Structure formats: C-alpha cells, structure tokens
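So this block is coords_26.txt, compact mmCIF, C-alpha atoms:
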```
# COMPACT_ATOMS: atom_id res chain seq x y z
CA MET A 1 16.62 -9.64 -11.13
CA ASP A 2 15.05 -6.90 -13.26
CA TYR A 3 15.88 -3.78 -11.28
CA VAL A 4 14.76 -0.29 -12.21
CA LYS A 5 15.42 3.21 -10.99
CA VAL A 6 12.90 6.02 -10.86
CA ALA A 7 14.39 9.42 -11.63
CA GLU A 8 12.99 12.88 -12.20
CA ASN A 9 14.70 16.14 -13.14
CA GLY A 10 18.16 14.67 -12.57
CA TYR A 11 17.39 13.16 -9.16
CA ILE A 12 16.91 9.51 -8.27
CA LEU A 13 13.66 8.98 -6.36
CA ALA A 14 13.79 5.25 -5.82
CA VAL A 15 15.02 1.87 -6.99
CA GLY A 16 13.07 -1.34 -7.07
CA THR A 17 11.44 -4.01 -9.21
CA GLY A 18 8.20 -4.01 -11.13
CA VAL A 19 7.79 -0.24 -10.93
CA GLU A 20 5.90 1.00 -13.96
CA ASN A 21 7.84 4.18 -14.76
CA GLY A 22 11.27 2.85 -13.84
CA VAL A 23 14.34 2.75 -16.11
CA PRO A 24 16.05 -0.65 -16.25
CA ILE A 25 19.40 -0.84 -14.46
CA THR A 26 21.93 -3.61 -13.91
CA ASP A 27 22.37 -5.52 -10.67
CA SER A 28 25.62 -3.66 -9.96
CA GLU A 29 23.98 -0.27 -10.62
CA TYR A 30 21.21 -1.25 -8.22
CA GLU A 31 23.75 -2.13 -5.53
CA GLU A 32 25.62 1.14 -6.10
CA ILE A 33 22.45 3.18 -5.70
CA LEU A 34 21.41 1.19 -2.65
CA SER A 35 24.83 1.84 -1.15
CA ALA A 36 24.41 5.55 -1.82
CA ILE A 37 20.97 5.51 -0.19
CA ARG A 38 22.51 4.00 2.93
CA ARG A 39 24.98 6.91 3.04
CA LYS A 40 22.20 9.53 3.03
CA PRO A 41 22.98 12.38 5.44
CA PRO A 42 20.32 12.87 8.11
CA ARG A 43 17.73 15.60 7.75
CA VAL A 44 18.21 18.56 10.09
CA GLY A 45 15.16 20.79 10.50
CA ASP A 46 14.03 21.91 7.04
CA THR A 47 17.34 20.91 5.43
CA ASP A 48 17.28 17.56 3.71
CA PHE A 49 19.23 15.85 0.96
CA ARG A 50 18.27 14.46 -2.43
CA LEU A 51 20.21 11.98 -4.55
CA ARG A 52 21.61 13.17 -7.85
CA GLU A 53 22.02 10.79 -10.79
CA ASP A 54 25.79 10.84 -10.17
CA LEU A 55 25.05 9.35 -6.72
CA THR A 56 26.08 12.42 -4.78
CA TRP A 57 23.78 14.00 -2.21
CA GLU A 58 22.57 17.55 -2.73
CA GLU A 59 21.35 19.68 0.15
CA TYR A 60 17.97 21.42 -0.25
CA THR A 61 15.27 23.12 1.83
CA VAL A 62 12.13 21.05 2.34
CA PRO A 63 9.04 23.01 1.18
CA PRO A 64 6.16 23.51 3.67
CA PRO A 65 3.38 20.90 3.60
CA ASP A 66 0.35 21.43 1.34
CA SER A 67 -2.90 22.66 2.83
CA ASP A 68 -5.80 20.26 2.24
CA SER A 69 -8.43 22.83 3.02
CA GLU A 70 -7.64 25.01 0.03
CA ILE A 71 -9.45 22.92 -2.58
CA SER A 72 -12.94 21.54 -2.78
CA GLU A 73 -13.83 17.88 -3.21
CA ALA A 74 -14.82 18.53 -6.84
CA GLU A 75 -11.42 20.14 -7.50
CA ALA A 76 -9.74 17.15 -5.91
CA TYR A 77 -11.63 14.80 -8.24
CA ASP A 78 -10.40 16.81 -11.23
CA ILE A 79 -6.82 16.65 -9.98
CA ILE A 80 -6.94 12.92 -9.42
CA PHE A 81 -9.01 11.78 -12.37
CA GLY A 82 -8.81 14.59 -14.91
CA GLY A 83 -12.58 14.36 -15.31
CA ALA A 84 -14.66 11.21 -15.84
CA GLU A 85 -15.39 10.04 -19.37
CA MET B 1 -16.04 -27.00 39.96
CA ALA B 2 -19.86 -26.67 40.07
CA VAL B 3 -21.88 -28.40 37.34
CA ASP B 4 -25.01 -26.58 36.25
CA LYS B 5 -25.32 -27.27 32.50
CA LEU B 6 -25.30 -30.27 30.24
CA VAL B 7 -23.31 -29.77 27.04
CA ASP B 8 -22.65 -31.74 23.92
CA GLY B 9 -19.02 -32.69 24.50
CA THR B 10 -18.36 -33.49 20.85
CA GLN B 11 -19.73 -30.15 19.68
CA LEU B 12 -17.79 -28.32 22.36
CA ASP B 13 -14.58 -30.02 21.25
CA THR B 14 -15.32 -29.11 17.64
CA ASP B 15 -16.02 -25.50 18.52
CA LEU B 16 -12.94 -25.08 20.69
CA THR B 17 -10.80 -26.67 17.99
CA ALA B 18 -12.16 -24.17 15.48
CA VAL B 19 -11.17 -21.29 17.75
CA ALA B 20 -7.74 -22.81 18.40
CA ASP B 21 -7.19 -23.34 14.67
CA ALA B 22 -8.01 -19.69 14.03
CA ILE B 23 -5.53 -18.61 16.70
CA ARG B 24 -2.85 -20.90 15.30
CA THR B 25 -3.45 -19.69 11.74
CA LYS B 26 -3.18 -16.07 12.81
CA GLY B 27 -0.04 -16.77 14.77
CA GLY B 28 1.51 -18.94 12.09
CA THR B 29 2.06 -21.85 14.47
CA SER B 30 0.98 -25.45 14.86
CA ALA B 31 1.46 -25.67 18.63
CA SER B 32 -1.26 -27.13 20.79
CA LEU B 33 -3.19 -24.63 22.93
CA ALA B 34 -4.49 -25.35 26.39
CA PHE B 35 -7.95 -23.91 27.14
CA PRO B 36 -8.36 -21.30 28.46
CA SER B 37 -4.85 -20.18 29.47
CA ASP B 38 -3.12 -20.51 26.10
CA PHE B 39 -6.14 -19.05 24.30
CA VAL B 40 -6.05 -16.02 26.58
CA SER B 41 -2.29 -15.60 26.20
CA ALA B 42 -2.42 -15.86 22.41
CA ILE B 43 -5.21 -13.31 22.10
CA ALA B 44 -3.48 -10.94 24.51
CA ALA B 45 -0.36 -11.13 22.36
CA ILE B 46 -2.15 -9.81 19.29
CA PRO B 47 -0.62 -6.39 18.46
CA THR B 48 -2.88 -3.41 19.05
CA GLY B 49 -0.67 -0.79 17.42
CA GLY B 50 2.90 0.38 17.30
CA GLY B 51 3.31 -0.30 13.62
CA THR B 52 0.70 -2.83 12.49
CA LEU B 53 -2.03 -0.86 10.83
CA PRO B 54 -5.09 -2.72 9.63
CA LEU B 55 -6.37 -1.67 6.23
CA THR B 56 -9.68 -0.60 7.68
CA GLN B 57 -8.19 1.78 10.23
CA PHE B 58 -9.43 4.72 8.22
CA GLY B 59 -11.93 2.91 6.05
CA HIS B 60 -12.17 2.59 2.28
CA TYR B 61 -13.21 5.27 -0.16
CA PHE B 62 -14.27 4.82 -3.76
CA GLN B 63 -15.33 7.09 -6.55
CA THR B 64 -18.76 5.63 -7.16
CA THR B 65 -20.29 7.55 -10.03
CA TYR B 66 -20.47 4.48 -12.25
CA LEU B 67 -19.16 1.89 -9.91
CA THR B 68 -20.22 -0.58 -7.31
CA ALA B 69 -17.45 -1.34 -4.90
CA GLU B 70 -16.81 -3.40 -1.84
CA ALA B 71 -13.78 -3.97 0.32
CA THR B 72 -13.08 -6.14 3.31
CA HIS B 73 -9.74 -5.60 5.01
CA ASN B 74 -7.29 -6.05 2.13
CA HIS B 75 -9.71 -7.59 -0.35
CA VAL B 76 -11.11 -5.23 -2.98
CA LYS B 77 -13.70 -5.67 -5.70
CA VAL B 78 -14.82 -2.90 -8.00
CA ALA B 79 -17.36 -3.34 -10.80
CA HIS B 80 -18.35 -0.94 -13.55
CA ARG B 81 -22.12 -0.88 -13.90
CA SER B 82 -23.36 -1.56 -17.43
CA GLY B 83 -24.43 1.41 -19.47
CA GLY B 84 -21.81 3.88 -18.34
CA ALA B 85 -18.71 5.01 -20.20
CA GLY B 86 -15.19 3.85 -19.40
CA GLN B 87 -14.37 5.08 -15.95
CA SER B 88 -11.25 5.81 -14.00
CA ILE B 89 -11.50 4.73 -10.40
CA SER B 90 -9.60 5.51 -7.28
CA LEU B 91 -9.63 3.06 -4.45
CA ASN B 92 -8.43 4.96 -1.46
CA LEU B 93 -7.50 2.21 0.95
CA GLY B 94 -6.74 4.55 3.77
CA GLY B 95 -9.39 7.21 4.13
CA GLY B 96 -11.29 9.92 2.34
CA LEU B 97 -10.05 12.30 -0.33
CA SER B 98 -8.05 14.09 2.35
CA CYS B 99 -5.74 11.35 3.52
CA PRO B 100 -4.47 11.41 7.07
CA GLU B 101 -0.75 10.71 7.33
CA TRP B 102 -0.48 7.31 8.88
CA PHE B 103 3.15 6.39 8.43
CA LYS B 104 6.60 7.62 7.47
CA ILE B 105 8.65 5.39 5.21
CA ASN B 106 12.33 6.13 5.79
CA ALA B 107 14.82 6.48 2.95
CA GLY B 108 16.35 3.09 2.29
CA SER B 109 13.35 1.13 3.55
CA THR B 110 12.03 -1.53 1.21
CA VAL B 111 8.33 -1.40 0.44
CA THR B 112 6.71 -4.41 -1.20
CA ILE B 113 3.25 -4.44 -2.72
CA THR B 114 1.87 -7.86 -3.61
CA TYR B 115 -1.31 -8.51 -5.53
CA LYS B 116 -2.94 -11.88 -4.95
CA ASN B 117 -6.03 -13.66 -6.17
CA VAL B 118 -6.31 -11.16 -8.98
CA VAL B 119 -9.39 -11.43 -11.21
CA ASN B 120 -9.77 -9.58 -14.50
CA ALA B 121 -6.58 -7.53 -14.19
CA ASN B 122 -5.41 -8.30 -17.71
CA ASN B 123 -6.25 -5.70 -20.34
CA ILE B 124 -7.31 -3.25 -17.67
CA GLU B 125 -5.09 -0.21 -17.31
CA TRP B 126 -4.26 0.18 -13.65
CA ASN B 127 -1.54 1.29 -11.31
CA ALA B 128 -1.14 2.19 -7.67
CA ASN B 129 0.75 4.59 -5.47
CA PHE B 130 0.68 6.31 -2.12
CA LYS B 131 -0.70 9.78 -1.56
CA LYS B 132 -0.41 11.90 1.52
CA THR B 133 -3.32 14.12 0.56
CA SER B 134 -5.69 14.43 -2.38
CA SER B 135 -3.49 17.01 -4.06
CA SER B 136 0.00 16.34 -2.78
CA THR B 137 1.73 13.11 -3.57
CA SER B 138 4.24 11.09 -1.70
CA LEU B 139 5.89 7.98 -3.13
CA SER B 140 3.85 9.01 -6.13
CA TYR B 141 5.49 7.08 -8.95
CA GLY B 142 3.30 4.53 -10.66
CA ILE B 143 3.42 1.03 -9.31
CA GLY B 144 2.16 -1.83 -11.37
CA ASP B 145 0.54 -1.97 -14.77
CA GLY B 146 -2.34 -3.67 -16.51
CA THR B 147 -0.50 -6.92 -16.97
CA HIS B 148 -0.01 -7.81 -13.34
CA LEU B 149 -0.89 -11.36 -12.61
CA SER B 150 -1.77 -12.99 -9.35
CA GLY B 151 1.19 -13.14 -7.03
CA ALA B 152 2.98 -10.21 -8.65
CA THR B 153 5.11 -8.16 -6.29
CA VAL B 154 6.48 -4.68 -6.69
CA THR B 155 9.39 -3.54 -4.52
CA VAL B 156 10.38 0.05 -3.98
CA THR B 157 13.26 1.58 -2.01
CA PRO B 158 12.90 5.39 -1.85
CA THR B 159 15.88 7.73 -1.60
CA ALA B 160 14.06 10.16 0.66
CA ASP B 161 11.76 9.86 3.66
CA GLN B 162 8.13 9.52 2.57
CA SER B 163 5.13 10.56 4.61
CA VAL B 164 2.33 8.41 3.26
CA GLY B 165 -1.40 8.47 3.78
CA CYS B 166 -3.73 6.62 1.50
CA PHE B 167 -2.90 3.74 -0.78
CA PHE B 168 -4.50 4.60 -4.09
CA VAL B 169 -5.27 2.15 -6.84
CA TYR B 170 -6.21 3.58 -10.20
CA ALA B 171 -7.94 1.50 -12.85
CA ARG B 172 -9.79 2.23 -16.05
CA LEU B 173 -12.71 -0.16 -16.39
CA THR B 174 -15.00 -0.52 -19.35
CA SER B 175 -18.71 -0.89 -18.98
CA GLY B 176 -19.77 -4.17 -17.41
CA THR B 177 -16.29 -5.22 -16.26
CA TYR B 178 -14.88 -5.62 -12.79
CA ILE B 179 -11.56 -6.05 -11.08
CA GLU B 180 -10.94 -7.94 -7.87
CA PHE B 181 -7.81 -8.59 -5.85
CA ASP B 182 -6.13 -8.89 -2.47
CA VAL B 183 -3.29 -6.50 -1.71
CA GLU B 184 -0.53 -6.91 0.86
CA ILE B 185 1.97 -4.23 1.75
CA THR B 186 5.11 -4.73 3.82
CA ILE B 187 7.75 -2.25 4.89
CA ASP B 188 11.15 -3.75 5.71
CA GLY B 189 9.52 -7.13 6.07
CA VAL B 190 6.75 -6.01 8.43
CA ARG B 191 3.24 -6.27 7.04
CA TYR B 192 1.10 -3.14 7.20
CA ILE B 193 -1.76 -4.01 4.89
```
structure tokens encoding of this file:
Amino acid sequence: MDYVKVAENGYILAVGTGVENGVPITDSEYEEILSAIRRKPPRVGDTDFRLREDLTWEEYTVPPPDSDSEISEAEAYDIIFGGAE
Amino acid sequence: MAVDKLVDGTQLDTDLTAVADAIRTKGGTSASLAFPSDFVSAIAAIPTGGGTLPLTQFGHYFQTTYLTAEATHNHVKVAHRSGGAGQSISLNLGGGLSCPEWFKINAGSTVTITYKNVVNANNIEWNANFKKTSSSTSLSYGIGDGTHLSGATVTVTPTADQSVGCFFVYARLTSGTYIEFDVEITIDGVRYI
C-alpha cells in the first residue's frame, strides 16, 4: 500500500493514501504513526495536543474559532479562488 | 374486505414489485417483502438522522460566473461555457460560502473519499478538501489530483479532531469542457455522502 503522511511546520496532520500533498512513508512508518494517533491524550477545555514528527504529543492552546461575518462574499471569493482568470 | 374498485392485477403486481425492489436495493437485501407490513417496517427503519447526512441537507453551491452546474445528491456535473477563460470552480457540497459545521471527525478516524463514474477528469487540475467556513479550513490538505480515475479512493486519518462543514471540490476547467462524477464519503466505515 502506498501510504503518505501530511506534515506542516514539524507536525504531522494526517496519514492516508492518495492524498495529493502527502510524503510517501513505509507500511511500518504508517503503523507507527497510527499507533501514536491512538495514544493521543484527550482534549481538556482549550488545551489540546498535536503530533510532532518524532511521534510525541505536544500540548497547545486551541485558538478561538474564526468569525464568518468579518469578510464579505467578494473577499471570500478572493480567498478561495485568488481571482478568476 | 370490501371491494369497490377493479384493478389490473398484473400491473399492480408489477408496480408493487418495483417498490419492493427499490426497498431491497436501498437496504442491500434480497429478502421477500410482504405487503404492506414489511414495506411499512422497511421504510420506518430508514435512518432520519443521528449520523447519516444526505448530501443535499444544506444544498449545493457553485461559483457560476462562467459555469453551468447541476448536482443531484452525490452526483455532480459542472461545465465551462464556451467563450470564457479558464476558470477555477468550487463545488460546495454542503452549503453556501459560509459553511455550517455539520460534523466532527475525531482524531484517528478514517475518512474515505471515493470518486465514481468520473467523466473528463484526466488533464483537468482538481482537488478536494473540507472547509469549516469560507476563510477557515479544517482537514484542509489537498485530496486528489487531476489524474484520478473512476473508482479512485483517497483515505485520510487525521491526528487531531476536525470540525468540518462543506466538502469543496476545486477544478480548473478550460473553455467548453466539463467534469462529471459521483462522490461518496465514509467516516469509519459509515457513509455520510
């Protein structure tokens, strides 16, 4: 199986197959990451945990949710599409 | 039982069989169904919520400047009208630009996205992801690429809980082209789209 991991800024976001921006990993690496995911500590309030590339969990404070009402529909189009050709 | 109407027995049998076949197909069974008791029981057993979310719960939303688009449940077709320039599209299969949160995917859950009956996907740049809102992203890494063929499946296991709203599909179509496909999404083996 062609497994990949998706990582950003030193943290693993996901593992899977067929993901476009994933880095290929071996079957055993996939199983190791999956095992680490299953050991994730539970979130308590605004304190959650993110997975480092060394498969250890790092505690962090979850940021507040975004506010949808702060941008217009036109601004949203620009964010999503970067402007039509 | 009182008799007050004459009916075409053959047609009635045909019609009831059609209904029973539809119930059996939906339920994934080949069992015989007694009318009306088994019909009533089967229909009553259809889930009304608690985790099965039909694609059309919040409707479909398309950027339509140069496009014609149609969607029925999990079937999508988008065409680029001739005369316009190459166009990026966003097929929001869950609502408007401001996506309501409709589900939380827990860390360690396995999400599968399967594309079926794909038409014209080759040589078209496209990918898909989930977004919670128009500006904030959740499970936002690209899924899929322009070479996906019919039956292709992408699996994703996130390391953190994900609050997801819309399922976005992005594609860059050239003038006069179209893309068409069915999409199915499961989470830990349970189908949601």
Interatomic distance, atom CA of A:Glu59 to atom CA of A:Thr26 (Å, one decimal):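 Interatomic distance here is 27.2 Å.
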Do a neighbour search on A:Leu51 at 6 Å with all atoms listed in the file, toss out local chain neighbours closer than 4 positions, and write the hits as a PDB file with C-alpha atoms, in the frame of the given file.
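Here's the written file around.pdb:
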```pdb
ATOM      1  CA  TYR A  11      17.390  13.160  -9.160  1.00  0.00           C
ATOM      2  CA  ILE A  12      16.910   9.510  -8.270  1.00  0.00           C
ATOM      3  CA  LEU A  55      25.050   9.350  -6.720  1.00  0.00           C
ATOM      4  CA  THR A  56      26.080  12.420  -4.780  1.00  0.00           C
ATOM      5  CA  TRP A  57      23.780  14.000  -2.210  1.00  0.00           C
TER       6      TRP A  57
END
```
Closest of B:Thr110, B:Thr157, B:Thr174, B:Asn120 to A:Val4 - atom-to-atom distances counting all atoms listed in the file: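 Counting all atoms listed in the file, the residue closest to A:Val4 is B:Thr157.
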Measure the distance from atom CA of B:Thr159 to atom CA of A:Gly45 in Å and round it to one decimal.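 Between atom CA of B:Thr159 and atom CA of A:Gly45 the gap works out to 17.8 Å.
Atom CA of B:Arg191 is positioned 29.0 Å from atom CA of B:Phe35.
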Could you list the residues in chain A lying within 6 Å of chain B, using all atoms listed in the file, and format the result as a PyMOL selection string? chain A and resi 13-20+37
Distance criterion (all atoms listed in the file): nearest to B:Gly176 out of B:Val164, B:Ala22, B:Leu33, B:Ala79: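 Nearest candidate to B:Gly176 out of B:Val164, B:Ala22, B:Leu33, B:Ala79: B:Ala79.
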